[in-house]
Amino acid sequence: MPQQRILLSSPHMGGTEKKYVQEAFSTNWIAPLGKNVDMFEEQIMEFTGAKAACALASGTGGIHLALDLLKVGHGDMVLCSSLTFVASANPILYHGAQPVFIDSEMDSWNMCPKALEKALKYYKMQGKEAKAVIVVNLYGQSARMDEIGEICSRYDVPIIEDAAESLGAIYKGRMSGTFGKFGIFSFNGNKIITTSGGGMIISNDGPMIERALKKATQSKEAATHYQHESVGYNYRLSNVCAGIGRGQMEVLEERIMKKREIFEKYVEGLRDVDGITFMPEIEGSYHTRWLSTMLIDPLRAGVNAGELIEHLDENNIESRPVWKPLHMQPLFAGSAFFSTDEDNAAYLFEHGICLPSDTKMMEADIDRVITAVRERLLARELFA
Ligand SMILES: *Cc1c(COP(=O)(O)O)cnc(C)c1O
């Protein structure tokens, strides 16, 4: 019998989700909206400290709305972290705007403040201005939002914080997602909590979130007939899905603790193995370790990231490379890319691995992963 597959990150229900979904059924608030949506938004506001929130059908939709509210249009320039999932930048294309990608720094893996400043300076000298900066908080860790915020306010450009992967992360005492003009969360199936699919846009600007809500409901005007004066979308979260979110919020902190514990176990179990470097937790940062990630130095480890991923797969363990940088994607061919270093994003992609970080993993599962990694790195002559 082959051992059961260990997954990267799969949905993990807490138990009360069904109760809230049942509530939606028994009150027939299947749609539209309803109490679960309101309560879920309340929970996110309370948890993050944001003044306003609007639940959405996806995180991608949240970024699309944020760009819309910042009046990003055809030909405008939007700066974005390069090392991220495509969803961070796809909405730039929805608006016909021009993405400009910014490199990562090696210590946080997130947007390099120096490279960001270099790009803003470069365009300023040409008399061009960025309309927005999308800063991604990768794998559960905030970017250096103090430095990035300071640079953006000097250049007077608003920040959209793509916190899809960093719900619950803290940076210098503040919750991830609350640094930008807008913060975006995702509740897609593999995220730290899930609604089976969904997202949220938050802000301290209440009227802006009112406008987001309107835009997310086809920009319907306050009239009994159907009156529309601007373009809108159908982006709201269903009351059934929000019920799942309510239950998930009750176990969020538990999930973060477990994710961090999984990471600690990997560090402990692989401490003596040469050629492995884990993603750092920068000073002042509380990393949720949504995914446990590490770099493999092939010269010291004797294997490369791809070979390790393959070996894990043969042992029925799911692992992944780190995101392929967007400036390397054919979709964005021709887009500008700013770096102050080597291409760090490309380096992280080439050498990075995301290890299983599923909160349903047992001690023995984590040990299985550690054993498989050790086997491949320490007994490499067996695989020559
Ligand atoms: C998951 C994710 C998104 C998109 O969220 P969806 O809810 O799937 O639309 C955006 N950005 C990043 C970095 C993500 O990981």
# chains A, B, ... in the order shown; residues from 1 in each chain; ligands from 1
$ residues_around --residues "stretch 180-195 of chain A" --least-positions-apart "3" --cutoff "8 Å" --atoms "only C-alpha atoms" --output "ChimeraX atom specification"
/A:9-12,58-60,62-63,66,149,158-167,177,198-205,241-245,248-249,252,255-256,290
$ atom_distance --atom1 "atom CA of A:Thr288" --atom2 "atom CA of A:Ile170"
8.5 Å
$ atom_distance --atom1 "atom CA of A:Gln4" --atom2 "atom CA of A:Ile353"
20.9 Å
$ closest_residue --among "A:Met145, A:Cys152, A:Ala379, A:Leu291" --to "ligand 1" --atoms "only C-alpha atoms and all ligand atoms"
A:Leu291
$ closest_residue --among "A:Leu237, A:Ala115, A:Val72, A:Leu7" --to "ligand 1" --atoms "only C-alpha atoms and all ligand atoms"
A:Leu237
$ select_by_dssp --residues "stretch 38-225 of chain A" --states "strand (DSSP E)" --output "VMD selection string"
chain A and resid 52 to 56 77 to 81 98 to 102 130 to 136 159 to 162 170 to 171 174 to 175 182 to 186 199 to 203
$ residues_around --residues "stretch 117-132 of chain A" --least-positions-apart "6" --cutoff "12 Å" --atoms "only C-alpha atoms" --output "tab-separated table (two decimals) with N, CA and C atoms, in the first residue's frame"
chain	number	residue	atom	x	y	z
A	63	ILE	N	-8.31	43.09	-5.95
A	63	ILE	CA	-7.25	43.89	-6.57
A	63	ILE	C	-7.82	44.67	-7.76
A	66	ALA	N	-9.74	47.59	-6.32
A	66	ALA	CA	-8.84	48.59	-5.74
A	66	ALA	C	-8.24	49.46	-6.85
A	67	LEU	N	-7.81	48.83	-7.93
A	67	LEU	CA	-7.23	49.59	-9.05
A	67	LEU	C	-8.29	50.50	-9.66
A	68	ASP	N	-9.51	50.00	-9.75
A	68	ASP	CA	-10.61	50.77	-10.29
A	68	ASP	C	-10.86	52.01	-9.42
A	69	LEU	N	-10.88	51.81	-8.10
A	69	LEU	CA	-11.15	52.92	-7.17
A	69	LEU	C	-10.02	53.94	-7.19
A	70	LEU	N	-8.82	53.48	-7.54
A	70	LEU	CA	-7.69	54.42	-7.65
A	70	LEU	C	-7.63	55.02	-9.07
A	71	LYS	N	-8.66	54.74	-9.83
A	71	LYS	CA	-8.82	55.33	-11.17
A	71	LYS	C	-7.68	54.95	-12.12
A	72	VAL	N	-7.22	53.73	-12.00
A	72	VAL	CA	-6.21	53.23	-12.94
A	72	VAL	C	-6.90	52.93	-14.27
A	73	GLY	N	-6.35	53.47	-15.33
A	73	GLY	CA	-6.96	53.28	-16.63
A	73	GLY	C	-5.95	52.92	-17.69
A	74	HIS	N	-6.42	52.93	-18.91
A	74	HIS	CA	-5.62	52.54	-20.06
A	74	HIS	C	-4.29	53.31	-20.12
A	75	GLY	N	-3.20	52.57	-20.23
A	75	GLY	CA	-1.89	53.20	-20.38
A	75	GLY	C	-1.23	53.64	-19.10
A	76	ASP	N	-1.97	53.59	-17.98
A	76	ASP	CA	-1.37	53.99	-16.69
A	76	ASP	C	-0.32	52.97	-16.25
A	77	MET	N	0.58	53.42	-15.41
A	77	MET	CA	1.63	52.54	-14.94
A	77	MET	C	1.36	52.09	-13.51
A	78	VAL	N	1.45	50.78	-13.30
A	78	VAL	CA	1.26	50.22	-11.96
A	78	VAL	C	2.47	49.35	-11.62
A	79	LEU	N	3.10	49.64	-10.48
A	79	LEU	CA	4.25	48.86	-10.04
A	79	LEU	C	3.78	47.69	-9.20
A	80	CYS	N	4.48	46.56	-9.33
A	80	CYS	CA	4.03	45.34	-8.63
A	80	CYS	C	5.23	44.45	-8.32
A	81	SER	N	5.18	43.75	-7.20
A	81	SER	CA	6.22	42.76	-6.88
A	81	SER	C	6.29	41.75	-8.01
A	89	ALA	N	-1.06	40.56	-10.53
A	89	ALA	CA	-0.88	41.50	-11.65
A	89	ALA	C	-1.92	41.38	-12.76
A	92	ILE	N	-4.08	44.37	-13.39
A	92	ILE	CA	-3.46	45.53	-14.05
A	92	ILE	C	-3.83	45.47	-15.54
A	95	HIS	N	-7.37	46.47	-16.65
A	95	HIS	CA	-7.59	47.91	-16.81
A	95	HIS	C	-6.81	48.49	-17.99
A	97	ALA	N	-3.75	48.74	-18.17
A	97	ALA	CA	-2.61	49.49	-17.64
A	97	ALA	C	-1.31	48.71	-17.86
A	98	GLN	N	-0.20	49.38	-17.58
A	98	GLN	CA	1.12	48.82	-17.87
A	98	GLN	C	1.81	48.37	-16.59
A	99	PRO	N	2.03	47.06	-16.41
A	99	PRO	CA	2.74	46.63	-15.20
A	99	PRO	C	4.24	46.88	-15.28
A	100	VAL	N	4.81	47.27	-14.16
A	100	VAL	CA	6.26	47.40	-14.02
A	100	VAL	C	6.63	46.56	-12.81
A	101	PHE	N	7.56	45.62	-13.00
A	101	PHE	CA	7.84	44.69	-11.91
A	101	PHE	C	9.07	45.07	-11.10
A	102	ILE	N	8.96	44.81	-9.80
A	102	ILE	CA	10.02	45.17	-8.85
A	102	ILE	C	10.59	43.89	-8.23
A	103	ASP	N	11.90	43.85	-8.12
A	103	ASP	CA	12.60	42.68	-7.61
A	103	ASP	C	12.37	42.48	-6.10
A	111	MET	N	9.10	42.60	-1.88
A	111	MET	CA	9.53	43.75	-2.67
A	111	MET	C	10.72	44.47	-2.02
A	147	GLU	N	9.35	51.00	5.34
A	147	GLU	CA	10.19	51.62	4.32
A	147	GLU	C	9.43	51.85	3.01
A	148	ILE	N	8.67	50.86	2.61
A	148	ILE	CA	7.92	50.96	1.36
A	148	ILE	C	6.87	52.07	1.46
A	149	GLY	N	6.21	52.14	2.63
A	149	GLY	CA	5.21	53.19	2.86
A	149	GLY	C	5.83	54.58	2.79
A	150	GLU	N	7.01	54.70	3.38
A	150	GLU	CA	7.70	56.00	3.40
A	150	GLU	C	8.06	56.42	1.97
A	151	ILE	N	8.58	55.50	1.19
A	151	ILE	CA	8.96	55.80	-0.20
A	151	ILE	C	7.71	56.19	-1.01
A	152	CYS	N	6.65	55.41	-0.87
A	152	CYS	CA	5.43	55.69	-1.64
A	152	CYS	C	4.80	57.01	-1.26
A	153	SER	N	4.88	57.38	0.03
A	153	SER	CA	4.27	58.66	0.39
A	153	SER	C	5.13	59.80	-0.15
A	154	ARG	N	6.46	59.60	-0.21
A	154	ARG	CA	7.32	60.63	-0.80
A	154	ARG	C	7.01	60.83	-2.28
A	155	TYR	N	6.69	59.76	-2.97
A	155	TYR	CA	6.36	59.86	-4.40
A	155	TYR	C	4.86	60.00	-4.62
A	156	ASP	N	4.13	60.06	-3.52
A	156	ASP	CA	2.69	60.27	-3.56
A	156	ASP	C	1.95	59.23	-4.42
A	157	VAL	N	2.27	57.97	-4.16
A	157	VAL	CA	1.61	56.90	-4.90
A	157	VAL	C	0.95	55.93	-3.92
A	158	PRO	N	-0.32	55.62	-4.12
A	158	PRO	CA	-1.03	54.76	-3.17
A	158	PRO	C	-0.60	53.29	-3.26
A	159	ILE	N	-0.71	52.61	-2.12
A	159	ILE	CA	-0.32	51.20	-2.04
A	159	ILE	C	-1.55	50.31	-1.97
A	160	ILE	N	-1.54	49.26	-2.78
A	160	ILE	CA	-2.50	48.17	-2.62
A	160	ILE	C	-1.70	47.01	-2.04
A	161	GLU	N	-2.10	46.56	-0.86
A	161	GLU	CA	-1.36	45.50	-0.20
A	161	GLU	C	-2.00	44.16	-0.54
A	180	GLY	N	-1.55	49.45	3.50
A	180	GLY	CA	-1.84	50.11	2.24
A	180	GLY	C	-3.11	50.94	2.29
A	181	LYS	N	-3.36	51.68	1.21
A	181	LYS	CA	-4.66	52.35	1.06
A	181	LYS	C	-5.74	51.28	1.09
A	182	PHE	N	-5.43	50.15	0.41
A	182	PHE	CA	-6.30	48.98	0.44
A	182	PHE	C	-5.47	47.75	0.80
A	336	ALA	N	8.69	46.23	-17.97
A	336	ALA	CA	9.93	46.65	-17.32
A	336	ALA	C	10.12	45.92	-16.00
A	337	PHE	N	11.38	45.77	-15.58
A	337	PHE	CA	11.73	45.11	-14.33
A	337	PHE	C	12.86	45.89	-13.68
A	338	PHE	N	12.68	46.22	-12.40
A	338	PHE	CA	13.70	46.99	-11.69
A	338	PHE	C	14.31	46.18	-10.57
A	339	SER	N	15.65	46.23	-10.50
A	339	SER	CA	16.39	45.51	-9.48
A	339	SER	C	17.61	46.35	-9.12
A	340	THR	N	18.13	46.15	-7.90
A	340	THR	CA	19.35	46.87	-7.54
A	340	THR	C	20.47	45.88	-7.35
A	341	ASP	N	20.21	44.65	-7.68
A	341	ASP	CA	21.07	43.55	-7.31
A	341	ASP	C	21.19	42.65	-8.53
$ residues_around --residues "A:Ser357" --least-positions-apart "5" --cutoff "10 Å" --atoms "only C-alpha atoms" --output "JSON, numbers by chain"
{"A": [6, 7, 8, 9, 10, 192, 258, 259, 260, 261, 262, 263, 289, 290, 291, 292, 293, 318, 319, 366]}
$ write_last_selection --atoms "N, CA, C and O atoms" --output "PDB file, in the first residue's frame"
ATOM      1  N   ILE A   6       0.800  13.419   1.097  1.00  0.00           N
ATOM      2  CA  ILE A   6       0.875  14.587   1.987  1.00  0.00           C
ATOM      3  C   ILE A   6       0.739  15.827   1.112  1.00  0.00           C
ATOM      4  O   ILE A   6       1.482  15.989   0.143  1.00  0.00           O
ATOM      5  N   LEU A   7      -0.215  16.665   1.451  1.00  0.00           N
ATOM      6  CA  LEU A   7      -0.537  17.814   0.596  1.00  0.00           C
ATOM      7  C   LEU A   7       0.146  19.098   1.052  1.00  0.00           C
ATOM      8  O   LEU A   7       0.489  19.256   2.223  1.00  0.00           O
ATOM      9  N   LEU A   8       0.299  19.991   0.094  1.00  0.00           N
ATOM     10  CA  LEU A   8       0.946  21.277   0.344  1.00  0.00           C
ATOM     11  C   LEU A   8       0.154  22.107   1.358  1.00  0.00           C
ATOM     12  O   LEU A   8       0.690  22.573   2.357  1.00  0.00           O
ATOM     13  N   SER A   9      -1.123  22.304   1.069  1.00  0.00           N
ATOM     14  CA  SER A   9      -1.988  23.115   1.930  1.00  0.00           C
ATOM     15  C   SER A   9      -3.420  22.923   1.457  1.00  0.00           C
ATOM     16  O   SER A   9      -3.768  23.393   0.382  1.00  0.00           O
ATOM     17  N   SER A  10      -4.208  22.220   2.230  1.00  0.00           N
ATOM     18  CA  SER A  10      -5.578  21.937   1.788  1.00  0.00           C
ATOM     19  C   SER A  10      -6.583  22.474   2.815  1.00  0.00           C
ATOM     20  O   SER A  10      -6.211  22.789   3.942  1.00  0.00           O
ATOM     21  N   ILE A 192      -4.683  30.138   4.167  1.00  0.00           N
ATOM     22  CA  ILE A 192      -4.650  29.720   5.577  1.00  0.00           C
ATOM     23  C   ILE A 192      -6.051  29.461   6.128  1.00  0.00           C
ATOM     24  O   ILE A 192      -6.245  28.572   6.940  1.00  0.00           O
ATOM     25  N   LYS A 258      -0.213  26.306  14.247  1.00  0.00           N
ATOM     26  CA  LYS A 258       0.155  25.011  13.657  1.00  0.00           C
ATOM     27  C   LYS A 258       1.128  25.197  12.488  1.00  0.00           C
ATOM     28  O   LYS A 258       2.103  24.468  12.351  1.00  0.00           O
ATOM     29  N   LYS A 259       0.852  26.199  11.645  1.00  0.00           N
ATOM     30  CA  LYS A 259       1.753  26.470  10.513  1.00  0.00           C
ATOM     31  C   LYS A 259       3.159  26.778  11.017  1.00  0.00           C
ATOM     32  O   LYS A 259       4.152  26.301  10.461  1.00  0.00           O
ATOM     33  N   ARG A 260       3.218  27.584  12.071  1.00  0.00           N
ATOM     34  CA  ARG A 260       4.535  27.950  12.621  1.00  0.00           C
ATOM     35  C   ARG A 260       5.228  26.743  13.252  1.00  0.00           C
ATOM     36  O   ARG A 260       6.439  26.603  13.173  1.00  0.00           O
ATOM     37  N   GLU A 261       4.426  25.876  13.849  1.00  0.00           N
ATOM     38  CA  GLU A 261       4.965  24.663  14.469  1.00  0.00           C
ATOM     39  C   GLU A 261       5.538  23.726  13.395  1.00  0.00           C
ATOM     40  O   GLU A 261       6.609  23.139  13.577  1.00  0.00           O
ATOM     41  N   ILE A 262       4.825  23.604  12.282  1.00  0.00           N
ATOM     42  CA  ILE A 262       5.309  22.765  11.176  1.00  0.00           C
ATOM     43  C   ILE A 262       6.671  23.286  10.706  1.00  0.00           C
ATOM     44  O   ILE A 262       7.626  22.535  10.555  1.00  0.00           O
ATOM     45  N   PHE A 263       6.734  24.606  10.547  1.00  0.00           N
ATOM     46  CA  PHE A 263       7.993  25.226  10.104  1.00  0.00           C
ATOM     47  C   PHE A 263       9.126  24.923  11.084  1.00  0.00           C
ATOM     48  O   PHE A 263      10.226  24.531  10.685  1.00  0.00           O
ATOM     49  N   ARG A 289       3.986  31.623   8.303  1.00  0.00           N
ATOM     50  CA  ARG A 289       4.460  30.383   7.672  1.00  0.00           C
ATOM     51  C   ARG A 289       3.310  29.674   6.969  1.00  0.00           C
ATOM     52  O   ARG A 289       3.192  28.455   7.074  1.00  0.00           O
ATOM     53  N   TRP A 290       2.504  30.456   6.240  1.00  0.00           N
ATOM     54  CA  TRP A 290       1.430  29.857   5.437  1.00  0.00           C
ATOM     55  C   TRP A 290       1.996  28.683   4.637  1.00  0.00           C
ATOM     56  O   TRP A 290       1.433  27.594   4.636  1.00  0.00           O
ATOM     57  N   LEU A 291       3.136  28.919   3.984  1.00  0.00           N
ATOM     58  CA  LEU A 291       3.890  27.815   3.401  1.00  0.00           C
ATOM     59  C   LEU A 291       5.315  27.860   3.961  1.00  0.00           C
ATOM     60  O   LEU A 291       5.926  28.925   4.021  1.00  0.00           O
ATOM     61  N   SER A 292       5.804  26.702   4.364  1.00  0.00           N
ATOM     62  CA  SER A 292       7.201  26.580   4.788  1.00  0.00           C
ATOM     63  C   SER A 292       8.053  26.525   3.537  1.00  0.00           C
ATOM     64  O   SER A 292       7.877  25.638   2.708  1.00  0.00           O
ATOM     65  N   THR A 293       8.946  27.490   3.395  1.00  0.00           N
ATOM     66  CA  THR A 293       9.744  27.549   2.170  1.00  0.00           C
ATOM     67  C   THR A 293      11.228  27.592   2.483  1.00  0.00           C
ATOM     68  O   THR A 293      11.643  28.123   3.515  1.00  0.00           O
ATOM     69  N   GLU A 318       3.615  16.201  -1.706  1.00  0.00           N
ATOM     70  CA  GLU A 318       3.457  17.334  -2.615  1.00  0.00           C
ATOM     71  C   GLU A 318       4.330  18.511  -2.170  1.00  0.00           C
ATOM     72  O   GLU A 318       4.233  18.969  -1.036  1.00  0.00           O
ATOM     73  N   SER A 319       5.172  18.985  -3.061  1.00  0.00           N
ATOM     74  CA  SER A 319       5.934  20.216  -2.800  1.00  0.00           C
ATOM     75  C   SER A 319       5.922  21.008  -4.099  1.00  0.00           C
ATOM     76  O   SER A 319       5.558  20.488  -5.140  1.00  0.00           O
ATOM     77  N   ILE A 366       4.994  14.972   9.175  1.00  0.00           N
ATOM     78  CA  ILE A 366       6.104  15.935   9.127  1.00  0.00           C
ATOM     79  C   ILE A 366       7.433  15.172   9.118  1.00  0.00           C
ATOM     80  O   ILE A 366       8.333  15.488   8.344  1.00  0.00           O
TER      81      ILE A 366
END
$ residues_around --residues "A:Ala364" --least-positions-apart "3" --cutoff "12 Å" --atoms "only C-alpha atoms" --output "list in words"
Gln3, Gln4, Ile6, Ile262, Lys265, Lys360, Met361, Asp367, Arg368, Val369, Ile370 and Thr371 of chain A
$ write_last_selection --atoms "N, CA and C atoms" --output "compact mmCIF listing (two decimals), in the first residue's frame"
# COMPACT_ATOMS: atom_id res chain seq x y z
N GLN A 3 1.85 4.98 0.79
CA GLN A 3 1.40 5.85 1.87
C GLN A 3 0.52 6.96 1.32
N GLN A 4 -0.34 7.46 2.17
CA GLN A 4 -1.25 8.53 1.78
C GLN A 4 -0.46 9.78 1.37
N ILE A 6 0.80 13.42 1.10
CA ILE A 6 0.87 14.59 1.99
C ILE A 6 0.74 15.83 1.11
N ILE A 262 4.82 23.60 12.28
CA ILE A 262 5.31 22.76 11.18
C ILE A 262 6.67 23.29 10.71
N LYS A 265 9.45 22.50 13.09
CA LYS A 265 9.83 21.08 13.01
C LYS A 265 10.77 20.84 11.83
N LYS A 360 -3.40 19.83 8.70
CA LYS A 360 -3.93 18.53 9.13
C LYS A 360 -2.82 17.49 9.27
N MET A 361 -1.58 17.89 8.96
CA MET A 361 -0.47 16.94 9.07
C MET A 361 -0.25 16.52 10.51
N ASP A 367 7.50 14.14 9.94
CA ASP A 367 8.71 13.30 9.98
C ASP A 367 8.96 12.64 8.62
N ARG A 368 7.89 12.23 7.98
CA ARG A 368 8.04 11.60 6.66
C ARG A 368 8.67 12.56 5.66
N VAL A 369 8.25 13.82 5.72
CA VAL A 369 8.81 14.84 4.82
C VAL A 369 10.29 15.05 5.13
N ILE A 370 10.58 15.20 6.42
CA ILE A 370 11.97 15.43 6.85
C ILE A 370 12.85 14.26 6.41
N THR A 371 12.36 13.06 6.63
CA THR A 371 13.12 11.86 6.26
C THR A 371 13.39 11.82 4.76
$ residues_around --residues "stretch 275-278 of chain A" --least-positions-apart "3" --cutoff "8 Å" --atoms "only C-alpha atoms" --output "PyMOL selection string"
chain A and resi 267+270+292-301
$ write_last_selection --atoms "C-alpha atoms" --output "JSON list (two decimals), in the first residue's frame"
[["chain", "number", "residue", "atom", "x", "y", "z"],
["A", 267, "VAL", "CA", 14.06, 23.69, 10.83],
["A", 270, "LEU", "CA", 16.99, 19.66, 8.83],
["A", 292, "SER", "CA", 7.20, 26.58, 4.79],
["A", 293, "THR", "CA", 9.74, 27.55, 2.17],
["A", 294, "MET", "CA", 13.45, 27.02, 1.79],
["A", 295, "LEU", "CA", 16.32, 27.42, -0.67],
["A", 296, "ILE", "CA", 18.50, 24.60, -1.88],
["A", 297, "ASP", "CA", 22.07, 25.43, -2.81],
["A", 298, "PRO", "CA", 22.85, 22.71, -5.36],
["A", 299, "LEU", "CA", 26.61, 23.04, -4.90],
["A", 300, "ARG", "CA", 26.40, 22.27, -1.20],
["A", 301, "ALA", "CA", 23.33, 20.04, -1.25]]
$ closest_residue --among "A:Thr48, A:Thr27, A:Ser142, A:Thr16" --to "ligand 1" --atoms "only C-alpha atoms and all ligand atoms"
A:Ser142
$ atom_distance --atom1 "atom CA of A:Pro325" --atom2 "atom CA of A:Cys112"
13.8 Å
$ residues_around --residues "stretch 212-219 of chain A" --least-positions-apart "4" --cutoff "8 Å" --atoms "only C-alpha atoms" --output "list in words"
Cys54, Leu56, Leu65, Ala66, Leu69, Met208, His228, Glu229, Ser230, Val231, Gly232, Tyr233, Asn234, Tyr235 and Arg236 of chain A
$ write_last_selection --atoms "N, CA, C and O atoms" --output "PDB file, in the first residue's frame"
ATOM      1  N   CYS A  54     -15.099  44.726   2.886  1.00  0.00           N
ATOM      2  CA  CYS A  54     -16.149  44.278   1.980  1.00  0.00           C
ATOM      3  C   CYS A  54     -15.782  42.877   1.468  1.00  0.00           C
ATOM      4  O   CYS A  54     -14.725  42.695   0.854  1.00  0.00           O
ATOM      5  N   LEU A  56     -15.769  39.603  -0.768  1.00  0.00           N
ATOM      6  CA  LEU A  56     -15.818  39.460  -2.225  1.00  0.00           C
ATOM      7  C   LEU A  56     -15.718  37.990  -2.650  1.00  0.00           C
ATOM      8  O   LEU A  56     -15.367  37.124  -1.853  1.00  0.00           O
ATOM      9  N   LEU A  65     -10.904  45.736  -8.103  1.00  0.00           N
ATOM     10  CA  LEU A  65     -11.698  46.844  -7.545  1.00  0.00           C
ATOM     11  C   LEU A  65     -10.803  47.966  -7.019  1.00  0.00           C
ATOM     12  O   LEU A  65     -11.089  49.145  -7.245  1.00  0.00           O
ATOM     13  N   ALA A  66      -9.741  47.586  -6.318  1.00  0.00           N
ATOM     14  CA  ALA A  66      -8.842  48.593  -5.740  1.00  0.00           C
ATOM     15  C   ALA A  66      -8.241  49.458  -6.845  1.00  0.00           C
ATOM     16  O   ALA A  66      -8.190  50.691  -6.735  1.00  0.00           O
ATOM     17  N   LEU A  69     -10.883  51.808  -8.104  1.00  0.00           N
ATOM     18  CA  LEU A  69     -11.145  52.918  -7.173  1.00  0.00           C
ATOM     19  C   LEU A  69     -10.016  53.941  -7.186  1.00  0.00           C
ATOM     20  O   LEU A  69     -10.235  55.110  -6.887  1.00  0.00           O
ATOM     21  N   MET A 208     -14.431  54.821   0.871  1.00  0.00           N
ATOM     22  CA  MET A 208     -13.831  54.058  -0.233  1.00  0.00           C
ATOM     23  C   MET A 208     -14.390  52.638  -0.267  1.00  0.00           C
ATOM     24  O   MET A 208     -14.649  52.080  -1.335  1.00  0.00           O
ATOM     25  N   HIS A 228     -27.979  52.938 -13.406  1.00  0.00           N
ATOM     26  CA  HIS A 228     -26.523  52.721 -13.408  1.00  0.00           C
ATOM     27  C   HIS A 228     -25.811  53.882 -14.069  1.00  0.00           C
ATOM     28  O   HIS A 228     -26.146  54.250 -15.198  1.00  0.00           O
ATOM     29  N   GLU A 229     -24.818  54.429 -13.381  1.00  0.00           N
ATOM     30  CA  GLU A 229     -24.112  55.596 -13.907  1.00  0.00           C
ATOM     31  C   GLU A 229     -22.622  55.349 -14.120  1.00  0.00           C
ATOM     32  O   GLU A 229     -21.922  56.176 -14.672  1.00  0.00           O
ATOM     33  N   SER A 230     -22.163  54.218 -13.620  1.00  0.00           N
ATOM     34  CA  SER A 230     -20.742  53.871 -13.825  1.00  0.00           C
ATOM     35  C   SER A 230     -20.628  52.353 -13.949  1.00  0.00           C
ATOM     36  O   SER A 230     -21.550  51.614 -13.597  1.00  0.00           O
ATOM     37  N   VAL A 231     -19.472  51.922 -14.425  1.00  0.00           N
ATOM     38  CA  VAL A 231     -19.284  50.485 -14.643  1.00  0.00           C
ATOM     39  C   VAL A 231     -19.176  49.754 -13.297  1.00  0.00           C
ATOM     40  O   VAL A 231     -18.657  50.281 -12.323  1.00  0.00           O
ATOM     41  N   GLY A 232     -19.731  48.549 -13.260  1.00  0.00           N
ATOM     42  CA  GLY A 232     -19.677  47.762 -12.033  1.00  0.00           C
ATOM     43  C   GLY A 232     -19.368  46.312 -12.332  1.00  0.00           C
ATOM     44  O   GLY A 232     -19.199  45.908 -13.491  1.00  0.00           O
ATOM     45  N   TYR A 233     -19.218  45.543 -11.263  1.00  0.00           N
ATOM     46  CA  TYR A 233     -18.910  44.117 -11.392  1.00  0.00           C
ATOM     47  C   TYR A 233     -19.850  43.313 -10.490  1.00  0.00           C
ATOM     48  O   TYR A 233     -20.509  43.874  -9.618  1.00  0.00           O
ATOM     49  N   ASN A 234     -19.841  42.010 -10.703  1.00  0.00           N
ATOM     50  CA  ASN A 234     -20.589  41.133  -9.810  1.00  0.00           C
ATOM     51  C   ASN A 234     -19.570  40.363  -8.986  1.00  0.00           C
ATOM     52  O   ASN A 234     -19.152  39.279  -9.355  1.00  0.00           O
ATOM     53  N   TYR A 235     -19.145  40.962  -7.880  1.00  0.00           N
ATOM     54  CA  TYR A 235     -17.992  40.451  -7.137  1.00  0.00           C
ATOM     55  C   TYR A 235     -18.270  40.121  -5.676  1.00  0.00           C
ATOM     56  O   TYR A 235     -17.340  39.846  -4.930  1.00  0.00           O
ATOM     57  N   ARG A 236     -19.535  40.145  -5.246  1.00  0.00           N
ATOM     58  CA  ARG A 236     -19.782  39.917  -3.822  1.00  0.00           C
ATOM     59  C   ARG A 236     -19.695  38.441  -3.455  1.00  0.00           C
ATOM     60  O   ARG A 236     -19.939  37.552  -4.272  1.00  0.00           O
TER      61      ARG A 236
END
$ select_by_dssp --residues "stretch 324-372 of chain A" --states "helix (DSSP H, G or I)" --output "list in words"
Leu326, His327, Met328, Pro330, Leu331, Phe332, Asn344, Ala345, Ala346, Tyr347, Leu348, Phe349, Glu350, His351, Glu363, Ala364, Asp365, Ile366, Asp367, Arg368, Val369, Ile370, Thr371 and Ala372 of chain A
